[in-house]
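**Q** If it helps, the file is called entry-v7.pdb and holds PDB, C-alpha atoms, pLDDT in the B column:
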ATOM      1  CA  MET T   1       0.000   0.000   0.000  1.00 54.00           C
ATOM      2  CA  ILE T   2       1.306   3.465  -0.936  1.00 55.00           C
ATOM      3  CA  SER T   3      -0.287   6.681   0.228  1.00 51.00           C
ATOM      4  CA  TYR T   4       0.699  10.188  -0.911  1.00 47.00           C
ATOM      5  CA  PRO T   5      -0.945  12.897   1.172  1.00 46.00           C
ATOM      6  CA  SER T   6       0.564  16.319   0.543  1.00 58.00           C
ATOM      7  CA  ARG T   7       3.744  15.991   2.611  1.00 90.00           C
ATOM      8  CA  HIS T   8       3.588  12.425   3.849  1.00 93.00           C
ATOM      9  CA  CYS T   9       4.388   9.133   2.151  1.00 93.00           C
ATOM     10  CA  THR T  10       4.042   5.617   3.588  1.00 94.00           C
ATOM     11  CA  VAL T  11       5.115   2.338   2.011  1.00 93.00           C
ATOM     12  CA  GLU T  12       4.442  -1.066   3.591  1.00 94.00           C
ATOM     13  CA  LEU T  13       6.601  -3.965   2.405  1.00 92.00           C
ATOM     14  CA  GLN T  14       8.520  -7.126   3.113  1.00 91.00           C
ATOM     15  CA  ALA T  15      12.189  -6.134   3.549  1.00 90.00           C
ATOM     16  CA  LEU T  16      13.501  -8.438   0.859  1.00 90.00           C
ATOM     17  CA  PRO T  17      16.409  -7.450  -1.395  1.00 89.00           C
ATOM     18  CA  SER T  18      14.164  -7.204  -4.463  1.00 89.00           C
ATOM     19  CA  ARG T  19      11.783  -4.843  -2.652  1.00 92.00           C
ATOM     20  CA  ILE T  20      14.525  -2.567  -1.278  1.00 92.00           C
ATOM     21  CA  GLY T  21      15.357  -1.342  -4.788  1.00 92.00           C
ATOM     22  CA  GLN T  22      11.670  -0.659  -5.461  1.00 94.00           C
ATOM     23  CA  VAL T  23      11.369   1.387  -2.263  1.00 94.00           C
ATOM     24  CA  ARG T  24      14.497   3.333  -3.206  1.00 94.00           C
ATOM     25  CA  ARG T  25      12.816   4.250  -6.518  1.00 95.00           C
ATOM     26  CA  ILE T  26       9.625   5.267  -4.679  1.00 95.00           C
ATOM     27  CA  VAL T  27      11.652   7.469  -2.303  1.00 96.00           C
ATOM     28  CA  SER T  28      13.412   9.097  -5.277  1.00 97.00           C
ATOM     29  CA  ALA T  29      10.155   9.712  -7.142  1.00 96.00           C
ATOM     30  CA  GLN T  30       8.459  11.197  -4.080  1.00 95.00           C
ATOM     31  CA  LEU T  31      11.373  13.554  -3.385  1.00 96.00           C
ATOM     32  CA  ARG T  32      11.339  14.680  -7.033  1.00 96.00           C
ATOM     33  CA  TYR T  33       7.588  15.320  -6.712  1.00 93.00           C
ATOM     34  CA  TRP T  34       8.262  17.460  -3.623  1.00 93.00           C
ATOM     35  CA  HIS T  35      11.082  19.245  -5.526  1.00 94.00           C
ATOM     36  CA  LEU T  36      13.701  17.950  -3.093  1.00 95.00           C
ATOM     37  CA  ASP T  37      16.066  16.458  -5.671  1.00 96.00           C
ATOM     38  CA  PRO T  38      19.222  17.335  -3.667  1.00 97.00           C
ATOM     39  CA  LEU T  39      18.075  14.933  -0.910  1.00 97.00           C
ATOM     40  CA  ILE T  40      17.557  11.897  -3.134  1.00 97.00           C
ATOM     41  CA  ASP T  41      21.003  10.321  -2.747  1.00 97.00           C
ATOM     42  CA  ARG T  42      21.177  10.670   1.037  1.00 97.00           C
ATOM     43  CA  ALA T  43      17.562   9.607   1.618  1.00 97.00           C
ATOM     44  CA  SER T  44      17.983   6.593  -0.687  1.00 96.00           C
ATOM     45  CA  LEU T  45      21.208   5.579   1.045  1.00 96.00           C
ATOM     46  CA  GLY T  46      19.636   5.918   4.487  1.00 97.00           C
ATOM     47  CA  VAL T  47      16.483   3.972   3.650  1.00 97.00           C
ATOM     48  CA  THR T  48      18.568   1.255   1.974  1.00 95.00           C
ATOM     49  CA  GLU T  49      20.671   0.836   5.113  1.00 95.00           C
ATOM     50  CA  LEU T  50      17.641   0.725   7.425  1.00 96.00           C
ATOM     51  CA  LEU T  51      15.788  -1.779   5.221  1.00 95.00           C
ATOM     52  CA  SER T  52      18.923  -3.917   4.937  1.00 93.00           C
ATOM     53  CA  ASN T  53      19.029  -4.038   8.736  1.00 93.00           C
ATOM     54  CA  VAL T  54      15.405  -5.178   8.856  1.00 94.00           C
ATOM     55  CA  HIS T  55      16.169  -7.860   6.268  1.00 93.00           C
ATOM     56  CA  ARG T  56      19.243  -9.029   8.143  1.00 91.00           C
ATOM     57  CA  HIS T  57      18.127  -8.766  11.784  1.00 89.00           C
ATOM     58  CA  ALA T  58      14.340  -8.506  12.214  1.00 87.00           C
ATOM     59  CA  GLN T  59      12.606 -11.514  13.772  1.00 81.00           C
ATOM     60  CA  PRO T  60      10.190 -13.217  13.219  1.00 76.00           C
ATOM     61  CA  ASP T  61       9.067 -11.610   9.947  1.00 84.00           C
ATOM     62  CA  LYS T  62      10.421  -8.943   7.624  1.00 89.00           C
ATOM     63  CA  THR T  63       7.261  -6.826   7.355  1.00 92.00           C
ATOM     64  CA  CYS T  64       8.006  -3.140   7.809  1.00 94.00           C
ATOM     65  CA  THR T  65       6.767   0.342   6.986  1.00 96.00           C
ATOM     66  CA  VAL T  66       8.824   3.139   5.462  1.00 97.00           C
ATOM     67  CA  GLU T  67       7.505   6.596   6.180  1.00 97.00           C
ATOM     68  CA  MET T  68       8.658   9.965   4.864  1.00 97.00           C
ATOM     69  CA  GLU T  69       7.351  13.164   6.368  1.00 96.00           C
ATOM     70  CA  LEU T  70       8.188  16.696   5.306  1.00 95.00           C
ATOM     71  CA  LEU T  71       7.666  19.298   8.002  1.00 90.00           C
ATOM     72  CA  LEU T  72       8.889  22.869   7.514  1.00 84.00           C
ATOM     73  CA  ASP T  73      12.587  22.556   6.684  1.00 90.00           C
ATOM     74  CA  ARG T  74      13.140  18.927   7.690  1.00 95.00           C
ATOM     75  CA  LEU T  75      12.571  15.567   6.014  1.00 97.00           C
ATOM     76  CA  THR T  76      12.155  12.644   8.410  1.00 97.00           C
ATOM     77  CA  VAL T  77      12.542   9.120   7.054  1.00 98.00           C
ATOM     78  CA  SER T  78      11.608   6.243   9.355  1.00 98.00           C
ATOM     79  CA  VAL T  79      11.413   2.466   9.170  1.00 97.00           C
ATOM     80  CA  ARG T  80       9.070   0.612  11.523  1.00 96.00           C
ATOM     81  CA  ASP T  81       9.427  -3.146  12.032  1.00 95.00           C
ATOM     82  CA  GLY T  82       8.023  -5.796  14.358  1.00 92.00           C
ATOM     83  CA  ASP T  83      11.266  -6.717  16.150  1.00 92.00           C
ATOM     84  CA  PRO T  84      11.587  -5.074  19.596  1.00 91.00           C
ATOM     85  CA  ARG T  85      15.382  -5.489  19.746  1.00 91.00           C
ATOM     86  CA  MET T  86      17.118  -2.129  19.499  1.00 91.00           C
ATOM     87  CA  PRO T  87      19.939  -1.737  16.984  1.00 89.00           C
ATOM     88  CA  VAL T  88      23.496  -1.339  18.222  1.00 83.00           C
ATOM     89  CA  VAL T  89      26.115   0.833  16.560  1.00 82.00           C
ATOM     90  CA  ASP T  90      29.344  -1.140  16.511  1.00 78.00           C
ATOM     91  CA  ASP T  91      32.867  -0.057  15.704  1.00 80.00           C
ATOM     92  CA  ALA T  92      33.428  -2.199  12.644  1.00 78.00           C
ATOM     93  CA  GLU T  93      36.850  -3.649  11.996  1.00 81.00           C
ATOM     94  CA  PRO T  94      38.684  -1.996   9.079  1.00 79.00           C
ATOM     95  CA  LEU T  95      38.213  -5.019   6.788  1.00 79.00           C
ATOM     96  CA  ALA T  96      34.688  -5.922   7.932  1.00 75.00           C
ATOM     97  CA  THR T  97      32.109  -6.260   5.159  1.00 76.00           C
ATOM     98  CA  CYS T  98      29.157  -5.245   7.346  1.00 80.00           C
ATOM     99  CA  GLY T  99      28.440  -3.360  10.543  1.00 80.00           C
ATOM    100  CA  ARG T 100      28.786   0.204   9.271  1.00 85.00           C
ATOM    101  CA  GLY T 101      25.185   0.921   8.225  1.00 87.00           C
ATOM    102  CA  LEU T 102      24.009   2.927  11.220  1.00 91.00           C
ATOM    103  CA  ALA T 103      27.324   4.787  11.422  1.00 90.00           C
ATOM    104  CA  MET T 104      26.803   5.760   7.767  1.00 91.00           C
ATOM    105  CA  VAL T 105      23.239   6.895   8.487  1.00 94.00           C
ATOM    106  CA  ALA T 106      24.538   8.970  11.399  1.00 93.00           C
ATOM    107  CA  ALA T 107      27.262  10.521   9.241  1.00 93.00           C
ATOM    108  CA  MET T 108      25.045  11.538   6.329  1.00 95.00           C
ATOM    109  CA  SER T 109      22.019  12.730   8.315  1.00 96.00           C
ATOM    110  CA  GLU T 110      21.362  15.706  10.522  1.00 96.00           C
ATOM    111  CA  SER T 111      20.109  13.444  13.312  1.00 96.00           C
ATOM    112  CA  TRP T 112      18.925   9.893  13.788  1.00 96.00           C
ATOM    113  CA  GLY T 113      17.513   7.666  16.494  1.00 96.00           C
ATOM    114  CA  VAL T 114      15.458   4.676  17.503  1.00 96.00           C
ATOM    115  CA  ARG T 115      12.370   4.364  19.696  1.00 95.00           C
ATOM    116  CA  PRO T 116      10.240   1.447  20.849  1.00 94.00           C
ATOM    117  CA  ASP T 117       6.963   1.007  18.988  1.00 92.00           C
ATOM    118  CA  GLY T 118       4.439  -0.661  21.268  1.00 85.00           C
ATOM    119  CA  GLU T 119       5.211  -4.046  22.801  1.00 83.00           C
ATOM    120  CA  SER T 120       6.750  -5.697  19.813  1.00 85.00           C
ATOM    121  CA  GLY T 121       8.496  -3.288  17.513  1.00 93.00           C
ATOM    122  CA  LYS T 122      10.677  -0.269  16.979  1.00 95.00           C
ATOM    123  CA  VAL T 123      11.089   2.725  14.699  1.00 96.00           C
ATOM    124  CA  VAL T 124      14.513   3.745  13.389  1.00 97.00           C
ATOM    125  CA  TRP T 125      14.557   7.228  11.864  1.00 97.00           C
ATOM    126  CA  PHE T 126      16.828   9.924  10.452  1.00 98.00           C
ATOM    127  CA  THR T 127      16.350  13.542   9.431  1.00 98.00           C
ATOM    128  CA  LEU T 128      17.733  15.603   6.576  1.00 98.00           C
ATOM    129  CA  PRO T 129      17.551  19.398   6.315  1.00 96.00           C
ATOM    130  CA  THR T 130      15.670  20.530   3.224  1.00 93.00           C
ATOM    131  CA  SER T 131      17.735  23.658   2.768  1.00 82.00           C
ATOM    132  CA  ALA T 132      21.500  23.569   2.760  1.00 59.00           C
ATOM    133  CA  PRO T 133      23.583  26.611   3.580  1.00 48.00           C
ATOM    134  CA  ALA T 134      24.702  28.421   0.470  1.00 44.00           C
ATOM    135  CA  VAL T 135      28.199  27.533  -0.573  1.00 43.00           C
ATOM    136  CA  THR T 136      29.973  29.997  -2.765  1.00 42.00           C
ATOM    137  CA  THR T 137      32.409  28.514  -5.194  1.00 44.00           C
ATOM    138  CA  PRO T 138      34.048  30.301  -8.066  1.00 44.00           C
ATOM    139  CA  SER T 139      32.515  29.498 -11.397  1.00 45.00           C
ATOM    140  CA  LEU T 140      34.638  27.786 -13.988  1.00 47.00           C
ATOM    141  CA  HIS T 141      32.974  29.953 -16.589  1.00 46.00           C
ATOM    142  CA  THR T 142      33.685  33.313 -15.005  1.00 41.00           C
ATOM    143  CA  ARG T 143      34.160  35.911 -17.692  1.00 42.00           C
ATOM    144  CA  ARG T 144      37.181  38.132 -17.291  1.00 40.00           C
ATOM    145  CA  THR T 145      36.992  41.706 -18.450  1.00 39.00           C
ATOM    146  CA  VAL T 146      39.833  42.689 -20.743  1.00 41.00           C
ATOM    147  CA  LEU T 147      40.865  46.296 -20.572  1.00 43.00           C
ATOM    148  CA  ASP T 148      40.358  47.930 -23.907  1.00 45.00           C
ATOM    149  CA  LYS T 149      43.732  48.891 -25.234  1.00 44.00           C
ATOM    150  CA  PRO T 150      44.008  50.140 -28.782  1.00 48.00           C
ATOM    151  CA  ALA T 151      46.290  48.132 -31.006  1.00 48.00           C
ATOM    152  CA  ARG T 152      49.406  49.952 -32.041  1.00 47.00           C
ATOM    153  CA  ARG T 153      50.055  50.524 -35.660  1.00 47.00           C
ATOM    154  CA  PHE T 154      53.269  49.182 -37.176  1.00 43.00           C
ATOM    155  CA  ALA T 155      54.822  52.627 -37.364  1.00 47.00           C
ATOM    156  CA  GLU T 156      54.357  53.121 -33.618  1.00 48.00           C
ATOM    157  CA  VAL T 157      56.463  50.130 -32.679  1.00 48.00           C
ATOM    158  CA  GLY T 158      59.614  51.354 -31.078  1.00 52.00           C
ATOM    159  CA  ALA T 159      62.812  49.741 -29.915  1.00 53.00           C
ATOM    160  CA  SER T 160      62.994  47.906 -26.638  1.00 52.00           C
ATOM    161  CA  ALA T 161      64.764  49.357 -23.649  1.00 55.00           C
ATOM    162  CA  ASP T 162      68.022  47.683 -24.653  1.00 54.00           C
ATOM    163  CA  GLY T 163      67.710  49.092 -28.171  1.00 56.00           C
ATOM    164  CA  LEU T 164      68.555  45.760 -29.803  1.00 56.00           C
ATOM    165  CA  ARG T 165      65.185  44.313 -30.553  1.00 53.00           C
ATOM    166  CA  PRO T 166      61.916  45.986 -31.413  1.00 52.00           C
ATOM    167  CA  ASP T 167      59.068  46.236 -28.947  1.00 53.00           C
ATOM    168  CA  HIS T 168      56.090  43.973 -29.657  1.00 50.00           C
ATOM    169  CA  ALA T 169      54.593  44.701 -33.030  1.00 48.00           C
ATOM    170  CA  PRO T 170      51.133  43.770 -34.235  1.00 48.00           C
ATOM    171  CA  ALA T 171      50.950  40.788 -36.581  1.00 48.00           C
ATOM    172  CA  ARG T 172      50.873  41.493 -40.278  1.00 48.00           C
ATOM    173  CA  SER T 173      49.563  39.358 -43.056  1.00 44.00           C
ATOM    174  CA  ALA T 174      51.876  38.144 -45.763  1.00 47.00           C
ATOM    175  CA  VAL T 175      48.964  38.070 -48.196  1.00 48.00           C
ATOM    176  CA  ALA T 176      48.732  41.112 -50.421  1.00 50.00           C
ATOM    177  CA  GLY T 177      45.530  43.032 -50.321  1.00 47.00           C
TER     178      GLY T 177
END
Any chance you could give the structure as structure tokens?
**A**
Amino acid sequence: MISYPSRHCTVELQALPSRIGQVRRIVSAQLRYWHLDPLIDRASLGVTELLSNVHRHAQPDKTCTVEMELLLDRLTVSVRDGDPRMPVVDDAEPLATCGRGLAMVAAMSESWGVRPDGESGKVVWFTLPTSAPAVTTPSLHTRRTVLDKPARRFAEVGASADGLRPDHAPARSAVAG
């Protein structure tokens, strides 16, 4: 079931690998609809990590709900599942192939957390600001103003300071005419 009230989106699913990609596409489409394109990558990464955790750790079933809510200048993305065990952020070993998901969510979001949901579940959430501070970077296509300086005629070319070679002279064509 998918619902799209004005600034709220809910998706219920089984956290299976094939469904995680579909939810990522739904998240992207909804953020485009809300004109929040700059948040797509971070929101997709965060929801992928949270759904992967449900797939990997939730017991007994993988049913969950992804919810996105836009309030004022903040997007909140949450994943609710039926497993009451709270997630633990571990310090993953340098060569570990898993165990960094929540640390990544924490790093890319403004804030994140987890709360119990009734007797038999929890909600893991993160927030993203909808407006980023303006960053000023010089443009690669900045136009430089050239001071207008009239070209010198050939007759005006004088000798250099050492008197041995002429000062710069304008180019002349070897073609008659």
**Q** For this file, the PyMOL selection byres ((chain T and resi 53-59) around 8) selects which residues, as a ChimeraX atom specification?
**A** /T:15-17,49-52,60-62,64,81-83,101
**Q** What's around range 107-124 of chain T at 9 Å? Count all atoms listed in the file, leave out sequence neighbours fewer than 5 positions away in its own chain, and write the answer as number ranges by chain.
**A** T: 42-43, 45-46, 50, 77-87, 102, 129
**Q** Provide the CA of Arg32 in chain T to CA of Ala106 in chain T distance in Å, to one decimal place.
**A** 23.4 Å
**Q** Leaving out range 72-74 of chain T and any residue of its chain fewer than 4 positions from it, which residues lie within 8 Å of it when counting all atoms listed in the file, given as a list of chain:residue names?
**A** T:Thr127, T:Leu128, T:Pro129, T:Thr130, T:Ser131
**Q** Could you state the separation of CA of His35 in chain T and CA of Gly21 in chain T in Å, given to one decimal place?
**A**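 Here the two named atoms are 21.0 Å from each other.
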**Q** So, with all atoms listed in the file as the atoms that count, which of T:Leu75, T:Thr10, T:Arg100, T:Thr48 lies closest to Leu31 in chain T?
**A**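 Among the listed residues, the smallest separation from Leu31 in chain T belongs to T:Leu75.
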**Q** Can you list, as JSON, numbers by chain, the residues that the PyMOL selection byres ((chain T and resi 28) around 9) selects here?
**A** {"T": [23, 24, 25, 26, 27, 29, 30, 31, 32, 33, 37, 39, 40, 41, 43, 44]}
**Q** In Å to one decimal, how far is CA of Trp34 in chain T from CA of Leu13 in chain T?
**A**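 Calculated distance between CA of Leu13 in chain T and CA of Trp34 in chain T is 22.3 Å.
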**Q** Using all atoms listed in the file, which of T:Leu36, T:Val47, T:Met68, T:Ala103 sits nearest Arg7 in chain T?
**A**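 Of the candidates, the smallest distance to Arg7 in chain T is held by T:Met68.
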